[in-house]
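A.B. asks: Pasting a structure here, questions to come.
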Amino acid sequence: MNPLETLAATIAARKQADPDQSWTARLLARGPEKCAEKFGEEAVEAIIEAVKGDREKLVGEAADVLYHLLVMLAARDVALADVLMELDRRGGRSGLDEKAARG
């Protein structure tokens, strides 16, 4: 398993954990909307560090974004494997073609 798959599996396991013992369980217990809000906050923090040009802080914020993305997906019962399959399906297509097909 790669690190994202390992993290996704850990998050899935924490869905059943005690919210008093696990930050992930606590976040999931607050519902999908709160998970989405937290993901958005972390994304904004990553954007700020990208604009500032602080590589080290951007790496940390990017890790936070990935974690919170996986929590948000788990809150809606969307598996990382489903997202990876969608990326694989899009592979080899021009981004412009993909965007035109959606819109």
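Ligands are numbered from 1 in the order shown, residues from 1 within each chain, and chains are lettered A, B, ... in the order they appear in the structure tokens.
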Please provide the set of residues having any atom within 12 Å of segment 33-36 of chain A, restricted to only C-alpha atoms, with same-chain residues fewer than 5 positions apart removed, written as a PyMOL selection string.
C.D. replies: chain A and resi 23-28+41-43+65+67-76
A.B. asks: Could you please determine the separation between atom CA of Leu58 of chain A and atom CA of Val44 of chain A in Å, to one decimal place?
C.D. replies: 11.0 Å
A.B. asks: DSSP on the backbone, then: every residue of chain A marked helix (DSSP H, G or I), written as a VMD selection string.
C.D. replies: chain A and resid 3 to 14 23 to 29 32 to 52 55 to 75 80 to 90 95 to 102
A.B. asks: Just the residues within 8 Å of Ala8 of chain A, please, counting only C-alpha atoms, with nothing from its chain fewer than 2 positions along; format it as a short mmCIF file (atom, residue, chain, number, x, y, z; two decimals) with N, CA and C atoms, in the first residue's frame.
C.D. replies:
```cif
data_model
loop_
_atom_site.label_atom_id
_atom_site.label_comp_id
_atom_site.auth_asym_id
_atom_site.auth_seq_id
_atom_site.Cartn_x
_atom_site.Cartn_y
_atom_site.Cartn_z
N LEU A 4 -1.01 7.10 0.85
CA LEU A 4 -2.40 7.58 0.79
C LEU A 4 -3.38 6.44 1.07
N GLU A 5 -3.09 5.27 0.54
CA GLU A 5 -3.96 4.12 0.79
C GLU A 5 -3.91 3.74 2.27
N THR A 6 -2.74 3.79 2.86
CA THR A 6 -2.60 3.49 4.28
C THR A 6 -3.39 4.49 5.12
N THR A 10 -6.65 3.86 7.53
CA THR A 10 -6.66 4.29 8.93
C THR A 10 -7.89 5.13 9.21
N ILE A 11 -8.21 6.04 8.32
CA ILE A 11 -9.39 6.90 8.48
C ILE A 11 -10.65 6.05 8.50
N ALA A 12 -10.74 5.08 7.60
CA ALA A 12 -11.91 4.19 7.57
C ALA A 12 -12.06 3.44 8.89
N LEU A 70 -9.29 13.08 2.44
CA LEU A 70 -9.65 11.68 2.69
C LEU A 70 -10.71 11.58 3.78
N VAL A 71 -10.65 12.42 4.80
CA VAL A 71 -11.69 12.43 5.84
C VAL A 71 -13.02 12.85 5.23
N ALA A 79 -14.73 5.95 -1.43
CA ALA A 79 -13.44 5.29 -1.22
C ALA A 79 -12.35 5.95 -2.07
N LEU A 80 -11.15 5.98 -1.53
CA LEU A 80 -10.01 6.47 -2.30
C LEU A 80 -9.88 5.68 -3.60
#
```
A.B. asks: From the set A:Asp77, A:Glu49, A:Asp97, A:Glu61, which residue has the shortest atom-to-atom contact distance to Lys15 of chain A, counting only C-alpha atoms?
C.D. replies: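 Of all the options, A:Asp77 lies closest to Lys15 of chain A.
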